[in-house]
Each structure stands twice: as C-alpha cells, then as structure tokens.
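Peer 1: Dropping the structure in here first, questions after.
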Amino acid sequence: MSAHLTFPKGGVHPPEAKELTEQLAVETMPLPAELELILSQHIGAPCTPVVKRKQEIAEGELVAEVKRGLGVPLHAPAAGSIKAVGTSAHPIRVSAPSVTIKTDPEAAASTWEVDTDWQRLSAEELLQKVHQAGIIGIGGAGFPTHVKLNPPADSPVDTLLLNGAECEPYITADHRMMLEKAEEIVEGAKILLKILGINACAIGIEVNKPDAISTMQSAVEKLQEPGLTISVETLEVKYPTGSEKQLIQAITGRKVPAMALPSAVGVVVHNVSTTKAVYDAVVLSKPLIEKVITVSGLGIKRPANLLVKIGTKVKDIVEFCGGTTENLARVVLGGPMMGFAVSTLDIPLTKTTSSILFLSEDEIDTTELSNCIRCGWCLDVCPMGLEPKEVGIYVEANRAEDTEQFGVFECFECGSCAYVCPAKRPLVQFVRLAKMKAKRS
C-alpha cells in the first residue's frame, strides 16, 4: 500500500463530524405512503413520463424516459399506483416536474435474479444494462454513468479510479457501503473495467477510514483476477480530495486541463456507491431505485445511515428517526460544504442526495457577512487556483458577465473559499450567480 496521497494545491481541514454515524450499520427504512420522483434527477434533459394517473405500477417498472439528449430512465422504487403527474418541491428550483406514486404496502417486493455469469456479455451489452438501469453519478453532480463509460475516441482511457474518499464532513454513506458491500463494489469495478476495455483500477480511500481500507483490500485480494490490476490507495485527509480532478491528481499525478474531462488524461472516475449500483444493474438486473444516505447532525434525535427509496420525502425520514431536537437551526440536503439549505421537509430525495443534515445552533456560523478585506485566504485554499474574491467583488458591482477571466467556470463550488473567509462572504453563491449571469450574456 502506498504512502498517503494528496493533491498539491489548496484544500482545507474542516471538523470531520463523522463520529455520529460512522459506526452505525445501514438500516432499511420502511416504505413510506408516497414517493415523489423528480423528473430532473441528473445533468441533462429531464425525463418524460410514460405513466398516467391511477395507473398501477410494479417495483422497478419504467416511469419516465429520456428520448432525446443526455439522460437516463427513471423507475418505480416500489409497487403502487400513480397518484399524480405534476410538480414537487425542489431544493434549488423551488419546484420541479414529478411523478407521485401511492405505494402499496401489501405488494410483494420484487425478487432480483442473480446472474453471476456477466463475463459472457460484451462491453456494449454491459453498457446497455447500465443505461437501462437509470444509473447516474450517485456521489456528485449526477452525470449519466453510461456516458462516462463511453469516452470520446480521441481520448483513450487507461485507468479507472473509484472514489471512496468521502471527504465532506458528517457523510458516512460510502464508508458504510465499503464496509458492508465491499465484494459487490470490487465486482462492479471489474464490470466497469470490461466496459472500458482496460485493466487498471485504483480505489482511493481517505486514511480516516482504516476499517474500510482493510475491508476493501481484503475484497480486492479475494476477487483479483489475472490480467487485472486493482489496488487500494490511501489518501491524506483533506477536503476536497473527493473532487474528481483532485482525486486524479492525487492518485495518478495527472492534471486535467481547464474545461476538460478526466478522459483527456486517460482516466474515468466513479463513486464506490455508483459502482455498487452498476453491480446491481448487471448481476441482479435491478434499476437504481434506492440508495444509502446519511442522516446526521445534532438537530435529529437519532442519526443513522439509511437505505431509502428514491422519492422518499425528508419529513418521512424525520419521523422514522424520532423527530428533530429543540435546537435545530438548519436542514441541509447534502454535505455542509456543498449542500443546499432547505426551508421545507416536503422535499423528496433524488438519486444524487448523499445526506440530510439537521444542524443545531452550535454547528452553524451565523456571523453576518462584511466587505472583502483582501486577505487572500480564499486564493490559498482554492484547489483550482482561482480567484474567488474577485468573482464576489465583480458580482456585487453588477459585472458578473466579466468573471470568466477569474476562472468562474472552472469552479466546482467546493466551498473551501467560503469556509476560510474571515468576512463570511457567500463566495459560492457569488460564483453560482456569476455563472448564471455570464451564460445569459
């Protein structure tokens, strides 16, 4: 096993706050009365419903599809009937088109047939299975997995990286998946290698997860095959190690050029939980209809790692976890660095929801923002070497369209700059606003 690897530029060390859930085994949440499926689950075109109101539907049955453009199909997480084809609350867009399923608690759960002889299938057939299962990047922005697995012909790939860093504070879902589903993840990696037509895979895990490192190493040794090179690489604890470009630089030493994809340097990156979903799709013919999330923070009575159906509402999860505490101050979908604060518990989970944080007054910073003091701390910690302070200043001066010169479109909104800013300036929000306005100009 190599020395601890890291990326060379920037990064921060926020309190990890993983002790609330890292030792908690994954629980299966009971089926809620309703599931709301947002039709825009991923980057690209939203899905188009193929169901109608009052229609009976089985678990795993197709609910919506993408006929044109970038996207993947959407499936019923449980059996029931279609209650509505309308809209649901959304953490970013306020509301979004959706399909609501009234679940049937009496329906028998689907049985997924195990087919371990996937090696007989061609790379094209495996890729089709991944597409048909509706798999997207579970740990990030939700990029359709089948597209990542079909890199441009002029960008030959030689390395697959599995992201098990899970560097955001509080979140332990991937950690638990590596502990409880290690062999499925490694088998999923072998499927990905066959689709890509390569033989080298490295699994990156931060050193603060020694049990996951050991468990994954054992699974690799057990399932290693002649001709394949699968390794576990230990990463230094530093945020945002789990970001695609930083992970690539840490493990391979290759630097992805500005505005380029990882395939430009011969690499494809997938999250470990996404890899488990690929295993499910190929070996079980099971679509992506559920996922493991972390429920944490001092504002929830019972923190947990939960296996939940896609479309489960936050309020149902709160009820299952015993309710909130009196000192709840903020609810965040996602991690504290890159997540979104929400004002309602009626929001349904999507395929990309990694966690729900219920943060108390003691866990948030309510200091009011002030003017930039030109300290340069945001420049020091930016892993992309950008100039966040200038973006903020230009946005405040109504010159958002002029921020491309400061690398605004290279920013992946990790929040390191806002974390260290002594003036508490909302630098990530400035960046998002700048991108929006610059695209319109």
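Lettering and numbering for the structure tokens are positional, with chains as A, B, ... in the shown order, residues counted from 1 in each chain, and ligands counted from 1 in the shown order.
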Quick one: residues within 7 Å of region 425-430 of chain A, only C-alpha atoms counted, chain neighbours fewer than 2 positions away excluded, as number ranges by chain?

Peer 2: A: 369-370, 388, 391-392, 395, 413, 415, 417-418, 421, 423, 432-434

Peer 1: Those residues with N, CA and C atoms, as an mmCIF file, in the first residue's frame please?

Peer 2:
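Saved to part-v9.cif:
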```cif
data_model
loop_
_atom_site.group_PDB
_atom_site.id
_atom_site.type_symbol
_atom_site.label_atom_id
_atom_site.label_comp_id
_atom_site.auth_asym_id
_atom_site.auth_seq_id
_atom_site.Cartn_x
_atom_site.Cartn_y
_atom_site.Cartn_z
ATOM 1 N N LEU A 369 -22.088 38.742 7.059
ATOM 2 C CA LEU A 369 -21.007 38.991 6.110
ATOM 3 C C LEU A 369 -20.596 40.462 6.140
ATOM 4 N N SER A 370 -19.351 40.704 5.711
ATOM 5 C CA SER A 370 -18.854 42.080 5.604
ATOM 6 C C SER A 370 -18.065 42.206 4.312
ATOM 7 N N PRO A 388 -11.586 33.545 -6.076
ATOM 8 C CA PRO A 388 -12.966 33.707 -5.608
ATOM 9 C C PRO A 388 -13.295 35.123 -5.164
ATOM 10 N N VAL A 391 -14.354 37.280 -8.044
ATOM 11 C CA VAL A 391 -15.683 36.936 -8.535
ATOM 12 C C VAL A 391 -16.744 37.624 -7.688
ATOM 13 N N GLY A 392 -16.579 37.554 -6.357
ATOM 14 C CA GLY A 392 -17.534 38.189 -5.457
ATOM 15 C C GLY A 392 -17.608 39.688 -5.638
ATOM 16 N N VAL A 395 -19.399 40.487 -8.933
ATOM 17 C CA VAL A 395 -20.838 40.231 -8.851
ATOM 18 C C VAL A 395 -21.528 41.369 -8.113
ATOM 19 N N GLU A 413 -17.429 24.619 -7.023
ATOM 20 C CA GLU A 413 -18.241 25.053 -5.870
ATOM 21 C C GLU A 413 -18.020 24.191 -4.636
ATOM 22 N N GLY A 415 -16.619 25.120 -1.860
ATOM 23 C CA GLY A 415 -16.876 25.882 -0.651
ATOM 24 C C GLY A 415 -15.676 26.121 0.235
ATOM 25 N N CYS A 417 -13.311 28.239 -0.139
ATOM 26 C CA CYS A 417 -13.095 29.685 -0.025
ATOM 27 C C CYS A 417 -14.030 30.287 1.026
ATOM 28 N N ALA A 418 -15.299 29.923 0.969
ATOM 29 C CA ALA A 418 -16.265 30.460 1.925
ATOM 30 C C ALA A 418 -15.962 29.976 3.344
ATOM 31 N N CYS A 421 -13.129 32.224 4.752
ATOM 32 C CA CYS A 421 -13.280 33.676 4.636
ATOM 33 C C CYS A 421 -13.587 34.319 5.991
ATOM 34 N N ALA A 423 -14.419 37.325 6.513
ATOM 35 C CA ALA A 423 -15.519 38.274 6.344
ATOM 36 C C ALA A 423 -16.853 37.557 6.119
ATOM 37 N N ARG A 432 -22.092 30.960 -8.185
ATOM 38 C CA ARG A 432 -23.277 30.423 -8.866
ATOM 39 C C ARG A 432 -24.015 31.519 -9.617
ATOM 40 N N LEU A 433 -24.125 32.679 -8.992
ATOM 41 C CA LEU A 433 -24.797 33.801 -9.642
ATOM 42 C C LEU A 433 -24.013 34.272 -10.857
ATOM 43 N N ALA A 434 -22.688 34.304 -10.712
ATOM 44 C CA ALA A 434 -21.841 34.734 -11.829
ATOM 45 C C ALA A 434 -21.978 33.791 -13.017
#
```

Peer 1: Please provide as a list in words all residues within 7 Å of Tyr239 (chain A), with the sequence filter that same-chain residues fewer than 5 positions apart are discarded (counting only C-alpha atoms).

Peer 2: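 Non-adjacent residues within range: Gly11, Val12, His13, Cys167 and Glu168 of chain A.
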
Peer 1: Using only C-alpha atoms, pick whichever of A:Val268, A:Ala438, A:Pro240, A:Leu24 has the shortest atom-to-atom distance to Cys382 (chain A).

Peer 2: A:Pro240

Peer 1: What does the distance between CA of Phe358 (chain A) and CA of Arg330 (chain A) come to in Å, to one decimal place?

Peer 2: 6.0 Å

Peer 1: From the list A:Pro383, A:Met337, A:Val220, A:Asp346, which residue is nearest Lys313 (chain A) when using only C-alpha atoms?

Peer 2: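 Smallest distance to Lys313 (chain A) is found for A:Asp346.
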
Peer 1: Could you name the residues that touch region 169-181 of chain A at 7 Å or less, counting only C-alpha atoms, but leaving out those on the same chain fewer than 5 positions away, as a ChimeraX atom specification?

Peer 2: /A:15-18,21-22,25-26,164,212,215-216,272-273,292-294,296,305,335-336,355

Peer 1: Under the rule that only C-alpha atoms are counted, which of A:Val99, A:Leu39, A:Ile92, A:Ala400 is the nearest residue to Arg53 (chain A)?

Peer 2: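 Selected residue with least distance to Arg53 (chain A): A:Val99.
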
Peer 1: Can you tell me, as a PyMOL selection string, what residues are no more than 12 Å from Ala281 (chain A) when counting only C-alpha atoms, ignoring any on the same chain fewer than 5 positions away?

Peer 2: chain A and resi 60+112-116+118+125-136+145-146+184+187-188+191-192+274-276+286-289

Peer 1: Please write the residues from the selection above to a file, keeping C-alpha atoms, as a short mmCIF file (atom, residue, chain, number, x, y, z; two decimals), in the first residue's frame.

Peer 2:
```cif
data_model
loop_
_atom_site.label_atom_id
_atom_site.label_comp_id
_atom_site.auth_asym_id
_atom_site.auth_seq_id
_atom_site.Cartn_x
_atom_site.Cartn_y
_atom_site.Cartn_z
CA GLY A 60 -38.73 -1.47 -10.93
CA TRP A 112 -33.94 -9.81 -8.42
CA GLU A 113 -32.46 -12.82 -10.19
CA VAL A 114 -28.75 -13.23 -9.55
CA ASP A 115 -26.73 -13.77 -12.73
CA THR A 116 -23.04 -14.02 -11.85
CA TRP A 118 -21.83 -11.45 -16.63
CA GLU A 125 -24.31 -5.25 -23.72
CA LEU A 126 -22.99 -4.34 -20.27
CA LEU A 127 -23.12 -0.64 -21.14
CA GLN A 128 -26.73 -1.04 -22.26
CA LYS A 129 -27.64 -2.65 -18.94
CA VAL A 130 -26.09 0.29 -17.06
CA HIS A 131 -28.05 2.75 -19.20
CA GLN A 132 -31.36 0.88 -18.88
CA ALA A 133 -30.97 0.75 -15.08
CA GLY A 134 -31.00 4.56 -14.88
CA ILE A 135 -27.62 4.88 -13.18
CA ILE A 136 -26.04 8.28 -12.65
CA THR A 145 -22.91 6.78 -15.92
CA HIS A 146 -23.22 5.22 -19.37
CA GLU A 184 -20.07 -6.11 -4.74
CA GLU A 187 -17.11 -6.95 -8.74
CA GLY A 188 -18.68 -3.73 -10.02
CA ILE A 191 -17.61 -4.80 -14.81
CA LEU A 192 -16.54 -1.19 -15.37
CA THR A 274 -22.25 4.18 -8.13
CA THR A 275 -20.06 1.12 -8.73
CA LYS A 276 -22.30 -0.91 -6.39
CA LYS A 286 -32.00 -4.12 -10.73
CA PRO A 287 -32.51 -0.45 -11.65
CA LEU A 288 -31.36 2.39 -9.43
CA ILE A 289 -34.43 2.77 -7.20
#
```

Peer 1: Need the shell around Leu193 (chain A): protein/DNA/RNA residues with any atom at most 12 Å away, counting only C-alpha atoms. Skip same-chain ones fewer than 2 positions apart. Format as a short mmCIF file (atom, residue, chain, number, x, y, z; two decimals) with N, CA and C atoms, in the first residue's frame?

Peer 2:
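This went into selection_11.cif:
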```cif
data_model
loop_
_atom_site.label_atom_id
_atom_site.label_comp_id
_atom_site.auth_asym_id
_atom_site.auth_seq_id
_atom_site.Cartn_x
_atom_site.Cartn_y
_atom_site.Cartn_z
N GLN A 119 -19.62 -12.17 -17.38
CA GLN A 119 -18.45 -12.12 -18.26
C GLN A 119 -18.80 -12.52 -19.70
N SER A 122 -20.94 -8.82 -23.82
CA SER A 122 -19.98 -7.91 -24.44
C SER A 122 -19.97 -6.58 -23.70
N ALA A 123 -18.97 -5.77 -23.96
CA ALA A 123 -18.89 -4.44 -23.34
C ALA A 123 -20.12 -3.62 -23.71
N LEU A 126 -23.13 -4.80 -21.65
CA LEU A 126 -22.99 -4.34 -20.27
C LEU A 126 -23.34 -2.85 -20.17
N LEU A 127 -22.85 -2.07 -21.12
CA LEU A 127 -23.12 -0.64 -21.14
C LEU A 127 -24.62 -0.38 -21.27
N LEU A 149 -18.85 6.10 -19.28
CA LEU A 149 -18.24 4.83 -19.66
C LEU A 149 -18.04 4.70 -21.17
N ASN A 150 -18.34 5.75 -21.90
CA ASN A 150 -18.16 5.74 -23.35
C ASN A 150 -17.39 7.00 -23.75
N VAL A 157 -8.66 5.85 -22.70
CA VAL A 157 -8.59 5.75 -21.24
C VAL A 157 -7.76 4.53 -20.85
N ASP A 158 -6.92 4.66 -19.81
CA ASP A 158 -6.14 3.52 -19.35
C ASP A 158 -6.33 3.23 -17.86
N THR A 159 -7.03 4.12 -17.13
CA THR A 159 -7.15 3.97 -15.68
C THR A 159 -8.57 4.27 -15.21
N LEU A 160 -9.09 3.39 -14.36
CA LEU A 160 -10.36 3.62 -13.68
C LEU A 160 -10.06 3.96 -12.22
N LEU A 161 -10.62 5.05 -11.73
CA LEU A 161 -10.49 5.42 -10.32
C LEU A 161 -11.85 5.28 -9.65
N LEU A 162 -11.89 4.61 -8.51
CA LEU A 162 -13.09 4.55 -7.70
C LEU A 162 -12.93 5.50 -6.52
N VAL A 186 -16.12 -4.31 -5.63
CA VAL A 186 -14.98 -4.80 -6.42
C VAL A 186 -15.48 -5.51 -7.68
N GLU A 187 -16.54 -6.30 -7.55
CA GLU A 187 -17.11 -6.95 -8.74
C GLU A 187 -17.63 -5.90 -9.71
N GLY A 188 -18.24 -4.84 -9.17
CA GLY A 188 -18.68 -3.73 -10.02
C GLY A 188 -17.52 -3.07 -10.74
N ALA A 189 -16.39 -2.96 -10.06
CA ALA A 189 -15.19 -2.38 -10.69
C ALA A 189 -14.74 -3.24 -11.87
N LYS A 190 -14.82 -4.55 -11.72
CA LYS A 190 -14.43 -5.46 -12.82
C LYS A 190 -15.37 -5.29 -14.02
N ILE A 191 -16.66 -5.07 -13.73
CA ILE A 191 -17.61 -4.80 -14.81
C ILE A 191 -17.25 -3.51 -15.54
N ILE A 195 -16.20 -2.89 -19.53
CA ILE A 195 -16.88 -1.93 -20.41
C ILE A 195 -15.87 -0.98 -21.04
N LEU A 196 -14.92 -0.52 -20.24
CA LEU A 196 -13.92 0.45 -20.73
C LEU A 196 -12.82 -0.22 -21.55
N GLY A 197 -12.69 -1.54 -21.43
CA GLY A 197 -11.65 -2.25 -22.18
C GLY A 197 -10.25 -2.01 -21.63
N ILE A 198 -10.14 -1.83 -20.33
CA ILE A 198 -8.84 -1.58 -19.69
C ILE A 198 -8.66 -2.55 -18.52
N ASN A 199 -7.48 -2.51 -17.87
CA ASN A 199 -7.23 -3.48 -16.80
C ASN A 199 -6.72 -2.88 -15.50
N ALA A 200 -6.66 -1.54 -15.39
CA ALA A 200 -6.10 -0.91 -14.19
C ALA A 200 -7.15 -0.10 -13.44
N CYS A 201 -7.29 -0.39 -12.15
CA CYS A 201 -8.24 0.33 -11.31
C CYS A 201 -7.59 0.63 -9.96
N ALA A 202 -7.74 1.85 -9.48
CA ALA A 202 -7.28 2.24 -8.15
C ALA A 202 -8.48 2.76 -7.36
N GLU A 225 -8.23 -10.90 -10.40
CA GLU A 225 -8.14 -11.85 -11.50
C GLU A 225 -6.86 -11.62 -12.28
N GLY A 227 -4.47 -10.59 -15.09
CA GLY A 227 -4.64 -9.59 -16.13
C GLY A 227 -5.24 -8.29 -15.66
N LEU A 228 -5.78 -8.29 -14.43
CA LEU A 228 -6.33 -7.06 -13.86
C LEU A 228 -5.44 -6.55 -12.73
N THR A 229 -5.32 -5.24 -12.64
CA THR A 229 -4.57 -4.63 -11.54
C THR A 229 -5.51 -3.72 -10.78
N ILE A 230 -6.02 -4.20 -9.65
CA ILE A 230 -6.90 -3.40 -8.79
C ILE A 230 -6.18 -3.14 -7.48
N VAL A 267 -8.33 8.96 -17.82
CA VAL A 267 -8.91 8.47 -16.58
C VAL A 267 -10.43 8.58 -16.61
N VAL A 268 -11.11 7.61 -16.00
CA VAL A 268 -12.54 7.68 -15.72
C VAL A 268 -12.72 7.49 -14.22
N VAL A 269 -13.55 8.34 -13.59
CA VAL A 269 -13.76 8.28 -12.14
C VAL A 269 -15.22 7.93 -11.85
N HIS A 270 -15.41 6.97 -10.93
CA HIS A 270 -16.76 6.63 -10.45
C HIS A 270 -16.75 6.51 -8.94
N THR A 275 -20.59 2.42 -8.28
CA THR A 275 -20.06 1.12 -8.73
C THR A 275 -20.90 -0.03 -8.19
N VAL A 278 -23.87 -0.27 -10.34
CA VAL A 278 -23.54 -0.96 -11.60
C VAL A 278 -23.58 -2.47 -11.39
#
```

Peer 1: For Val381 (chain A), which residue out of A:Leu74, A:Ile38, A:Ala219, A:Cys414 is the nearest one, using only C-alpha atoms?

Peer 2: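 Ranked by minimum distance to Val381 (chain A), first place goes to A:Cys414.
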
Peer 1: Between CA of Gly69 (chain A) and CA of Lys351 (chain A), what is the distance in Å, rounded to a tenth?

Peer 2: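 Straight-line distance from CA of Gly69 (chain A) to CA of Lys351 (chain A) works out to 18.9 Å.
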
Peer 1: Which residues are close to Lys435 (chain A), i.e. within 9 Å by only C-alpha atoms, leaving aside same-chain residues fewer than 4 positions away? Reply as a PyMOL selection string.

Peer 2: chain A and resi 400-401+403-404+408-409+430-431+439-440

Peer 1: For N, CA and C atoms, I'd like the residues from the last selection saved as a CSV table (one decimal), in the first residue's frame.

Peer 2:
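Writing done, so here's out.csv:
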```
chain,number,residue,atom,x,y,z
A,400,ALA,N,-21.1,40.5,-13.3
A,400,ALA,CA,-20.9,39.1,-13.3
A,400,ALA,C,-20.5,38.5,-14.6
A,401,GLU,N,-20.9,39.1,-15.7
A,401,GLU,CA,-20.5,38.6,-17.0
A,401,GLU,C,-19.0,38.7,-17.3
A,403,THR,N,-16.6,37.8,-15.2
A,403,THR,CA,-15.9,37.0,-14.2
A,403,THR,C,-15.2,35.7,-14.8
A,404,GLU,N,-15.4,35.5,-16.1
A,404,GLU,CA,-14.8,34.3,-16.7
A,404,GLU,C,-13.2,34.4,-16.6
A,408,VAL,N,-14.3,31.4,-13.3
A,408,VAL,CA,-15.5,31.1,-12.7
A,408,VAL,C,-16.1,29.7,-13.2
A,409,PHE,N,-15.9,29.4,-14.5
A,409,PHE,CA,-16.5,28.2,-15.0
A,409,PHE,C,-15.6,27.0,-14.7
A,430,PHE,N,-21.9,33.7,-4.8
A,430,PHE,CA,-21.5,34.6,-5.8
A,430,PHE,C,-21.1,33.9,-7.1
A,431,VAL,N,-20.4,32.8,-7.0
A,431,VAL,CA,-19.9,32.0,-8.1
A,431,VAL,C,-21.1,31.5,-8.9
A,439,LYS,N,-23.7,33.1,-18.5
A,439,LYS,CA,-24.2,32.2,-19.5
A,439,LYS,C,-25.3,33.0,-20.3
A,440,ARG,N,-26.0,33.9,-19.6
A,440,ARG,CA,-27.1,34.6,-20.2
A,440,ARG,C,-26.6,35.7,-21.1
```

Peer 1: Could you pull out the strand (DSSP E) residues of region 283-381 of chain A from DSSP and send them as a count of residues only?

Peer 2: 28

Peer 1: Could you go through region 164-226 of chain A and tell me which residues DSSP, when run on the backbone, assigns to helix (DSSP H, G or I), listing them as JSON, numbers by chain?

Peer 2: {"A": [173, 174, 175, 176, 177, 178, 179, 180, 182, 183, 184, 185, 186, 187, 188, 189, 190, 191, 192, 193, 194, 195, 196, 210, 211, 212, 213, 214, 215, 216, 217, 218, 219, 220, 221, 222, 223]}

Peer 1: Suppose you want the space between CA of Ile373 (chain A) and CA of Pro422 (chain A); what is it in Å?

Peer 2: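 Going from CA of Ile373 (chain A) over to CA of Pro422 (chain A) covers 8.4 Å.
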
Peer 1: Just want the 9 Å neighbourhood of Thr353 (chain A), counted on only C-alpha atoms, with same-chain residues fewer than 2 positions away dropped. Output as a list of chain:residue names.

Peer 2: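 So the residues in contact are A:Ile138, A:Gly139, A:Gly140, A:Lys291, A:Ile293, A:Leu333, A:Gly334, A:Leu349, A:Thr350, A:Lys351, A:Ser355, A:Ile356.
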
Peer 1: Based on the selection just made, write C-alpha atoms of those residues as a PDB file, in the first residue's frame.

Peer 2:
```
ATOM      1  CA  ILE A 138     -24.511   8.939  -7.016  1.00  0.00           C
ATOM      2  CA  GLY A 139     -21.762  10.833  -5.232  1.00  0.00           C
ATOM      3  CA  GLY A 140     -21.607  14.008  -7.310  1.00  0.00           C
ATOM      4  CA  LYS A 291     -29.678   4.385  -2.161  1.00  0.00           C
ATOM      5  CA  ILE A 293     -27.854   8.187   2.717  1.00  0.00           C
ATOM      6  CA  LEU A 333     -29.559  18.346   1.711  1.00  0.00           C
ATOM      7  CA  GLY A 334     -26.049  17.105   1.019  1.00  0.00           C
ATOM      8  CA  LEU A 349     -34.787  12.672  -2.233  1.00  0.00           C
ATOM      9  CA  THR A 350     -33.200  12.201  -5.649  1.00  0.00           C
ATOM     10  CA  LYS A 351     -30.562   9.786  -6.894  1.00  0.00           C
ATOM     11  CA  SER A 355     -27.145  13.008   3.144  1.00  0.00           C
ATOM     12  CA  ILE A 356     -29.614  15.088   5.116  1.00  0.00           C
TER      13      ILE A 356
END
```

Peer 1: Pick from A:Glu410, A:Gly299, A:Asp380, A:Lys315: nearest to Leu359 (chain A), with only C-alpha atoms counted?

Peer 2: A:Gly299

Peer 1: Considering only C-alpha atoms, can you say which of A:Gln224, A:Thr325, A:Thr312, A:Thr48 comes closest to Pro32 (chain A)?

Peer 2: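 Closest residue, counting only C-alpha atoms: A:Thr312.
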